[in-house]
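File shown: coords.cif (mmCIF, C-alpha atoms and all ligand atoms).
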data_start
loop_
_atom_site.group_PDB
_atom_site.id
_atom_site.type_symbol
_atom_site.label_atom_id
_atom_site.label_comp_id
_atom_site.auth_asym_id
_atom_site.auth_seq_id
_atom_site.Cartn_x
_atom_site.Cartn_y
_atom_site.Cartn_z
ATOM 1 C CA MET A 234 -19.373 207.189 74.403
ATOM 2 C CA VAL A 235 -20.758 205.857 77.648
ATOM 3 C CA ASP A 236 -19.279 207.575 80.666
ATOM 4 C CA SER A 237 -17.703 204.782 82.657
ATOM 5 C CA ARG A 238 -16.969 207.172 85.510
ATOM 6 C CA PRO A 239 -20.348 208.285 86.833
ATOM 7 C CA SER A 240 -20.514 211.302 89.104
ATOM 8 C CA ARG A 241 -23.739 210.230 90.787
ATOM 9 C CA TYR A 242 -25.656 207.200 91.963
ATOM 10 C CA THR A 243 -29.313 206.983 92.891
ATOM 11 C CA LEU A 244 -30.256 204.350 95.437
ATOM 12 C CA ILE A 245 -33.555 203.261 96.901
ATOM 13 C CA ILE A 246 -33.260 202.211 100.534
ATOM 14 C CA ASP A 247 -36.270 200.231 101.677
ATOM 15 C CA GLY A 248 -36.275 200.090 105.457
ATOM 16 C CA LEU A 249 -34.011 200.677 108.412
ATOM 17 C CA GLU A 250 -32.140 197.410 107.997
ATOM 18 C CA THR A 251 -31.094 198.302 104.479
ATOM 19 C CA MET A 252 -30.044 201.790 105.607
ATOM 20 C CA GLU A 253 -27.945 200.151 108.320
ATOM 21 C CA ALA A 254 -26.328 197.815 105.778
ATOM 22 C CA PHE A 255 -25.659 200.676 103.364
ATOM 23 C CA GLY A 256 -24.173 202.954 106.035
ATOM 24 C CA ARG A 257 -22.035 200.194 107.479
ATOM 25 C CA GLN A 258 -20.579 199.394 104.056
ATOM 26 C CA LEU A 259 -19.958 203.065 103.409
ATOM 27 C CA GLY A 260 -18.284 203.452 106.803
ATOM 28 C CA ARG A 261 -15.951 200.559 106.013
ATOM 29 C CA LEU A 262 -14.521 202.269 102.971
ATOM 30 C CA LEU A 263 -14.048 205.724 104.493
ATOM 31 C CA MET A 264 -10.553 207.058 105.082
ATOM 32 C CA PRO A 265 -9.081 209.997 107.000
ATOM 33 C CA GLY A 266 -9.728 213.193 105.074
ATOM 34 C CA ASP A 267 -13.156 212.146 103.787
ATOM 35 C CA VAL A 268 -16.080 214.554 104.213
ATOM 36 C CA LEU A 269 -19.727 213.536 103.743
ATOM 37 C CA LEU A 270 -22.432 216.170 103.321
ATOM 38 C CA LEU A 271 -25.920 214.887 104.232
ATOM 39 C CA TYR A 272 -28.734 216.953 102.703
ATOM 40 C CA GLY A 273 -32.396 216.401 103.570
ATOM 41 C CA GLY A 274 -35.214 217.716 105.752
ATOM 42 C CA LEU A 275 -36.081 216.968 109.356
ATOM 43 C CA GLY A 276 -36.423 213.241 109.943
ATOM 44 C CA ALA A 277 -34.990 212.337 106.553
ATOM 45 C CA GLY A 278 -32.530 209.895 108.124
ATOM 46 C CA LYS A 279 -29.228 211.795 108.289
ATOM 47 C CA THR A 280 -28.445 210.895 111.894
ATOM 48 C CA THR A 281 -29.648 207.331 111.339
ATOM 49 C CA LEU A 282 -27.217 206.962 108.439
ATOM 50 C CA THR A 283 -24.415 208.507 110.514
ATOM 51 C CA GLN A 284 -25.015 205.864 113.198
ATOM 52 C CA ALA A 285 -24.603 203.123 110.592
ATOM 53 C CA ILE A 286 -21.477 204.798 109.190
ATOM 54 C CA GLY A 287 -20.135 204.792 112.748
ATOM 55 C CA HIS A 288 -20.689 201.027 112.929
ATOM 56 C CA GLY A 289 -18.674 200.625 109.707
ATOM 57 C CA LEU A 290 -15.954 202.851 111.173
ATOM 58 C CA GLU A 291 -15.829 200.646 114.267
ATOM 59 C CA VAL A 292 -17.021 203.248 116.736
ATOM 60 C CA PRO A 293 -17.201 201.200 119.987
ATOM 61 C CA SER A 294 -20.730 200.047 120.857
ATOM 62 C CA ASN A 295 -20.738 201.931 124.171
ATOM 63 C CA TYR A 296 -20.832 205.195 122.182
ATOM 64 C CA TYR A 297 -24.305 206.186 121.026
ATOM 65 C CA ILE A 298 -24.196 208.499 118.011
ATOM 66 C CA SER A 299 -26.807 211.163 118.661
ATOM 67 C CA SER A 300 -27.739 214.350 116.877
ATOM 68 C CA PRO A 301 -25.193 217.076 117.708
ATOM 69 C CA SER A 302 -27.843 219.785 117.248
ATOM 70 C CA PHE A 303 -26.912 221.690 120.399
ATOM 71 C CA SER A 304 -23.224 220.923 120.786
ATOM 72 C CA LEU A 305 -22.665 221.329 117.004
ATOM 73 C CA MET A 306 -19.941 218.672 116.859
ATOM 74 C CA HIS A 307 -19.477 215.271 118.432
ATOM 75 C CA GLU A 308 -16.254 213.317 118.095
ATOM 76 C CA TYR A 309 -16.169 209.518 118.313
ATOM 77 C CA PRO A 310 -13.202 207.147 118.369
ATOM 78 C CA GLY A 311 -13.063 204.341 115.824
ATOM 79 C CA ARG A 312 -10.831 202.980 113.087
ATOM 80 C CA CYS A 313 -10.192 206.708 112.704
ATOM 81 C CA PRO A 314 -11.965 209.584 114.500
ATOM 82 C CA LEU A 315 -15.506 210.382 113.350
ATOM 83 C CA TYR A 316 -16.477 214.075 113.519
ATOM 84 C CA HIS A 317 -20.256 214.512 113.373
ATOM 85 C CA ILE A 318 -21.389 218.086 112.746
ATOM 86 C CA ASP A 319 -24.932 219.496 112.679
ATOM 87 C CA CYS A 320 -25.179 222.979 111.145
ATOM 88 C CA TYR A 321 -28.947 223.287 111.644
ATOM 89 C CA ARG A 322 -28.648 226.021 114.247
ATOM 90 C CA LEU A 323 -25.974 227.973 112.408
ATOM 91 C CA THR A 324 -26.953 230.779 110.101
ATOM 92 C CA GLY A 325 -23.908 231.318 107.959
ATOM 93 C CA GLU A 326 -20.198 231.197 107.415
ATOM 94 C CA ASP A 327 -19.350 233.547 110.276
ATOM 95 C CA ASP A 328 -21.219 231.268 112.655
ATOM 96 C CA ILE A 329 -19.341 228.245 111.364
ATOM 97 C CA GLU A 330 -15.979 229.957 111.791
ATOM 98 C CA GLY A 331 -17.025 231.259 115.205
ATOM 99 C CA ALA A 332 -18.002 227.755 116.323
ATOM 100 C CA GLY A 333 -14.506 226.540 115.425
ATOM 101 C CA LEU A 334 -15.808 224.039 112.891
ATOM 102 C CA ILE A 335 -13.586 224.939 109.940
ATOM 103 C CA GLU A 336 -10.744 222.585 110.841
ATOM 104 C CA TYR A 337 -13.147 219.621 110.685
ATOM 105 C CA LEU A 338 -14.117 220.449 107.107
ATOM 106 C CA ASP A 339 -10.627 219.411 106.020
ATOM 107 C CA PRO A 340 -10.024 216.632 108.527
ATOM 108 C CA LEU A 341 -6.468 215.385 108.385
ATOM 109 C CA THR A 342 -6.808 212.444 110.714
ATOM 110 C CA GLY A 343 -10.510 211.635 110.709
ATOM 111 C CA VAL A 344 -13.761 211.452 108.759
ATOM 112 C CA CYS A 345 -16.294 214.280 108.924
ATOM 113 C CA VAL A 346 -20.074 213.863 108.454
ATOM 114 C CA VAL A 347 -22.116 217.087 108.196
ATOM 115 C CA GLU A 348 -25.894 217.433 108.636
ATOM 116 C CA TRP A 349 -27.515 220.579 107.177
ATOM 117 C CA PRO A 350 -24.437 221.405 105.021
ATOM 118 C CA GLU A 351 -26.520 224.008 103.138
ATOM 119 C CA ARG A 352 -25.310 226.409 105.835
ATOM 120 C CA LEU A 353 -21.651 226.032 104.828
ATOM 121 C CA GLY A 354 -21.880 228.326 101.788
ATOM 122 C CA THR A 355 -18.429 228.996 100.348
ATOM 123 C CA LEU A 356 -16.902 226.833 103.074
ATOM 124 C CA THR A 357 -18.402 223.701 101.445
ATOM 125 C CA PRO A 358 -15.489 221.287 100.872
ATOM 126 C CA ALA A 359 -15.072 220.719 97.144
ATOM 127 C CA GLN A 360 -14.015 217.083 97.370
ATOM 128 C CA ALA A 361 -16.859 215.960 99.607
ATOM 129 C CA LEU A 362 -19.330 213.168 98.905
ATOM 130 C CA GLY A 363 -22.864 214.595 98.874
ATOM 131 C CA ILE A 364 -25.819 212.438 99.922
ATOM 132 C CA THR A 365 -29.292 213.902 99.400
ATOM 133 C CA PHE A 366 -32.212 212.181 101.138
ATOM 134 C CA ASP A 367 -35.696 212.099 99.717
ATOM 135 C CA ILE A 368 -38.457 210.577 101.859
ATOM 136 C CA ARG A 369 -40.442 208.155 99.681
ATOM 137 C CA GLY A 370 -42.464 206.376 102.354
ATOM 138 C CA GLU A 371 -42.451 205.701 106.083
ATOM 139 C CA GLU A 372 -39.297 203.606 105.806
ATOM 140 C CA ARG A 373 -38.348 204.223 102.198
ATOM 141 C CA ARG A 374 -35.660 206.726 101.265
ATOM 142 C CA ARG A 375 -34.175 207.669 97.926
ATOM 143 C CA LEU A 376 -30.529 208.664 98.183
ATOM 144 C CA LEU A 377 -28.733 210.672 95.550
ATOM 145 C CA LEU A 378 -24.976 210.359 95.887
ATOM 146 C CA THR A 379 -22.940 213.032 94.114
ATOM 147 C CA PHE A 380 -19.174 213.134 94.016
ATOM 148 C CA PRO A 381 -16.630 215.307 92.275
ATOM 149 C CA SER A 382 -13.848 212.820 91.705
ATOM 150 C CA VAL A 383 -13.106 209.561 90.031
ATOM 151 C CA ASN A 384 -11.648 208.472 93.307
ATOM 152 C CA TRP A 385 -15.117 208.448 94.910
ATOM 153 C CA SER A 386 -16.745 206.713 91.954
ATOM 154 C CA GLN A 387 -14.198 203.909 92.076
ATOM 155 C CA ARG A 388 -14.617 203.450 95.793
ATOM 156 C CA LEU A 389 -18.421 203.512 95.663
ATOM 157 C CA LYS A 390 -19.050 201.528 92.509
ATOM 158 C CA THR A 391 -19.174 197.958 93.725
ATOM 159 C CA PHE A 392 -21.414 198.417 96.693
ATOM 160 C CA CYS A 393 -23.653 201.140 95.240
ATOM 161 C CA GLU A 394 -24.567 198.881 92.347
ATOM 162 C CA HIS A 395 -25.710 196.376 94.930
ATOM 163 C CA PHE A 396 -28.188 198.923 96.404
ATOM 164 C CA SER A 397 -29.394 200.553 93.166
HETATM 165 N N1 LIG B 1 -34.911 203.788 105.755
HETATM 166 C C1 LIG B 1 -34.753 204.657 106.747
HETATM 167 N N2 LIG B 1 -33.585 205.321 106.879
HETATM 168 C C2 LIG B 1 -33.407 206.219 107.865
HETATM 169 N N3 LIG B 1 -34.333 206.529 108.797
HETATM 170 C C3 LIG B 1 -35.513 205.884 108.724
HETATM 171 C C4 LIG B 1 -35.769 204.929 107.700
HETATM 172 N N4 LIG B 1 -37.013 204.451 107.877
HETATM 173 C C5 LIG B 1 -37.498 205.067 108.943
HETATM 174 N N5 LIG B 1 -36.618 205.918 109.463
HETATM 175 C C6 LIG B 1 -36.863 206.762 110.641
HETATM 176 O O1 LIG B 1 -36.822 208.116 110.259
HETATM 177 C C7 LIG B 1 -36.265 208.889 111.322
HETATM 178 C C8 LIG B 1 -35.031 209.584 110.836
HETATM 179 O O2 LIG B 1 -34.578 210.406 111.867
HETATM 180 P P1 LIG B 1 -33.134 211.054 111.883
HETATM 181 O O3 LIG B 1 -32.939 211.648 113.231
HETATM 182 O O4 LIG B 1 -32.120 210.083 111.391
HETATM 183 O O5 LIG B 1 -33.332 212.211 110.786
HETATM 184 P P2 LIG B 1 -32.412 213.462 110.481
HETATM 185 O O6 LIG B 1 -32.374 213.568 108.994
HETATM 186 O O7 LIG B 1 -31.120 213.343 111.187
HETATM 187 O O8 LIG B 1 -33.274 214.667 111.063
HETATM 188 P P3 LIG B 1 -32.794 216.087 111.659
HETATM 189 O O9 LIG B 1 -32.649 217.025 110.504
HETATM 190 O O10 LIG B 1 -33.918 216.458 112.572
HETATM 191 O O11 LIG B 1 -31.488 215.889 112.377
HETATM 192 C C9 LIG B 1 -35.954 207.919 112.472
HETATM 193 O O12 LIG B 1 -37.042 207.902 113.356
HETATM 194 C C10 LIG B 1 -35.827 206.588 111.737
HETATM 195 O O13 LIG B 1 -36.136 205.483 112.571
HETATM 196 MG MG MG B 2 -30.098 214.586 112.586
#
Would you encode the structure as structure tokens?
Ligand SMILES: Nc1ncnc2c1ncn2[C@@H]1O[C@H](COP(=O)(O)OP(=O)(O)OP(=O)(O)O)[C@@H](O)[C@H]1O
Ligand SMILES: [Mg+2]
Amino acid sequence: MVDSRPSRYTLIIDGLETMEAFGRQLGRLLMPGDVLLLYGGLGAGKTTLTQAIGHGLEVPSNYYISSPSFSLMHEYPGRCPLYHIDCYRLTGEDDIEGAGLIEYLDPLTGVCVVEWPERLGTLTPAQALGITFDIRGEERRRLLLTFPSVNWSQRLKTFCEHFS
């Protein structure tokens, strides 16, 4: 029997404009409580996608979404708050607890986007949407979306098919 409830989508994003369109669409369907885990090496496009998600979440245009590498977390207003975390400089779970980031991993009133989520270890939220970036060319990225629940697959289906 064909599984009508996929747990992953693979998308090819050809260029910055398409990444912007994808992120904006994704941002539009996010709701408080959602966590996105962005996996991929330096320069893969994680912050660029977060900027586009912010546009879909209606973060006002006078806010520039920049990499929170040093401050670890930036919060932006929007349709709901956007919490943008970068774990690159953290080495493990103690660091994450010490930095006071745990509450954002189960965000009651906002959406949380995490760069370098590999560092979260056992703190990785089980219900999160994972997006893994693979650089396929100067402006070409392959995105693998993985999700644990039918809820995500239903929400993503229509627009992911458009990009795949
Ligand atoms: N299709 C694309 N999607 C995203 N970024 C792209 C794309 N094509 C080119 N780029 C460029 O790749 C770079 C991605 O940088 P970005 O800061 O978003 O990466 P990152 O994954 O957040 O890296 P880091 O781990 O250092 O935070 C930018 O210079 C961006 O303009
Ligand atoms: Mg970044």
Item to complete: Counting all atoms listed in the file, name the residues that have an atom within 6 Å of an atom of ligand LIG 1 (chain B); the answer should be given as a PyMOL selection string.
Response: chain A and resi 246-249+252+274-281+371-374
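As for CA of Arg241 (chain A) and CA of Leu262 (chain A), they are spaced 17.2 Å apart.
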Worksheet item: Could you spell out the hits of the PyMOL selection byres (((chain A and resi 304) around 12) and not hetatm) on the shown file, as a PyMOL selection string?
Response: chain A and resi 299-303+305-308+317-323+332-334
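The result of the PyMOL selection byres (((chain A and resi 379) around 7) and not hetatm) on the shown file is Ser240, Arg241, Tyr242, Leu362, Gly363, Ile364, Leu377, Leu378, Phe380 and Pro381 of chain A.
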Worksheet item: Which value, in Å to one decimal, gives the distance between CA of Gln284 (chain A) and CA of Val347 (chain A)?
Response: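 If I compute the distance from CA of Gln284 (chain A) to CA of Val347 (chain A), I get 12.6 Å.
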Return as lines of an AutoDock Vina configuration file the box centre and box size in Å, one decimal, for an axis-aligned box around all listed atoms of region 274-288 of chain A padded by 8 Å per side.
center_x = -28.3
center_y = 209.4
center_z = 109.5
size_x = 32.3
size_y = 32.7
size_z = 23.4
Discussion item. Using all atoms listed in the file, can you tell me which of A:Thr324, A:Asn384, A:Gln360, A:Thr283 comes closest to ligand MG 2 (chain B)?
Written reply: A:Thr283
Discussion item. What's around Thr391 (chain A) at 12 Å? Count all atoms listed in the file, leave out sequence neighbours fewer than 5 positions away in its own chain, and write the answer as a count of residues only.
Written reply: 9
Worksheet entry | Result set, the PyMOL selection byres (((chain A and resi 325) around 8) and not hetatm) on current file, as a VMD selection string | chain A and resid 323 to 324 326 to 329 352 to 354
Any chance you could export the current selection's C-alpha atoms as a PDB file, in the frame of the given file?
ATOM      1  CA  LEU A 323     -25.974 227.973 112.408  1.00  0.00           C
ATOM      2  CA  THR A 324     -26.953 230.779 110.101  1.00  0.00           C
ATOM      3  CA  GLU A 326     -20.198 231.197 107.415  1.00  0.00           C
ATOM      4  CA  ASP A 327     -19.350 233.547 110.276  1.00  0.00           C
ATOM      5  CA  ASP A 328     -21.219 231.268 112.655  1.00  0.00           C
ATOM      6  CA  ILE A 329     -19.341 228.245 111.364  1.00  0.00           C
ATOM      7  CA  ARG A 352     -25.310 226.409 105.835  1.00  0.00           C
ATOM      8  CA  LEU A 353     -21.651 226.032 104.828  1.00  0.00           C
ATOM      9  CA  GLY A 354     -21.880 228.326 101.788  1.00  0.00           C
TER      10      GLY A 354
END
Discussion item. Tell me which residues come within 7 Å of (-27.3, 213.9, 103.0), as number ranges by chain, counting only C-alpha atoms in the file's coordinates.
Written reply: A: 270-273, 279, 348, 363-366
Worksheet entry | Closest of A:Leu338, A:Pro265, A:Gly311, A:Leu282 to ligand MG 2 (chain B) - atom-to-atom distances counting all atoms listed in the file | A:Leu282
Practice prompt. List the neighbours of Thr342 (chain A) out to 10 Å using all atoms listed in the file; skip same-chain residues closer than 2 positions along the sequence, and give me the result as a ChimeraX atom specification.
Written response: /A:264-267,313-315,337,339-340,344-345
Worksheet item: For ligand MG 2 (chain B), which of A:Pro310, A:Pro350, A:Gly343, A:Pro293 is the closest residue, counting all atoms listed in the file?
Response: A:Pro350
Item to complete: Measuring atom to atom with all atoms listed in the file, identify which of A:Tyr316, A:Tyr296, A:Trp349, A:Tyr309 is nearest to ligand MG 2 (chain B).
Response: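 Of the candidates, the smallest distance to ligand MG 2 (chain B) is held by A:Trp349.
If all atoms listed in the file are the atoms counted, then among A:Ile298, A:Leu269, A:Leu290, A:Ala254 the closest residue to ligand MG 2 (chain B) is A:Ile298.
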Practice prompt. Rounded to one decimal place, report the CA of Arg261 (chain A)-CA of Leu356 (chain A) distance in Å.
Written response: 26.5 Å
Worksheet item: Out of A:Leu244, A:Arg375, A:Gly331, A:Val346, which residue has the shortest atom-to-atom distance to ligand MG 2 (chain B) when counting all atoms listed in the file?
Response: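 Distance minimum relative to ligand MG 2 (chain B) lands on A:Val346.
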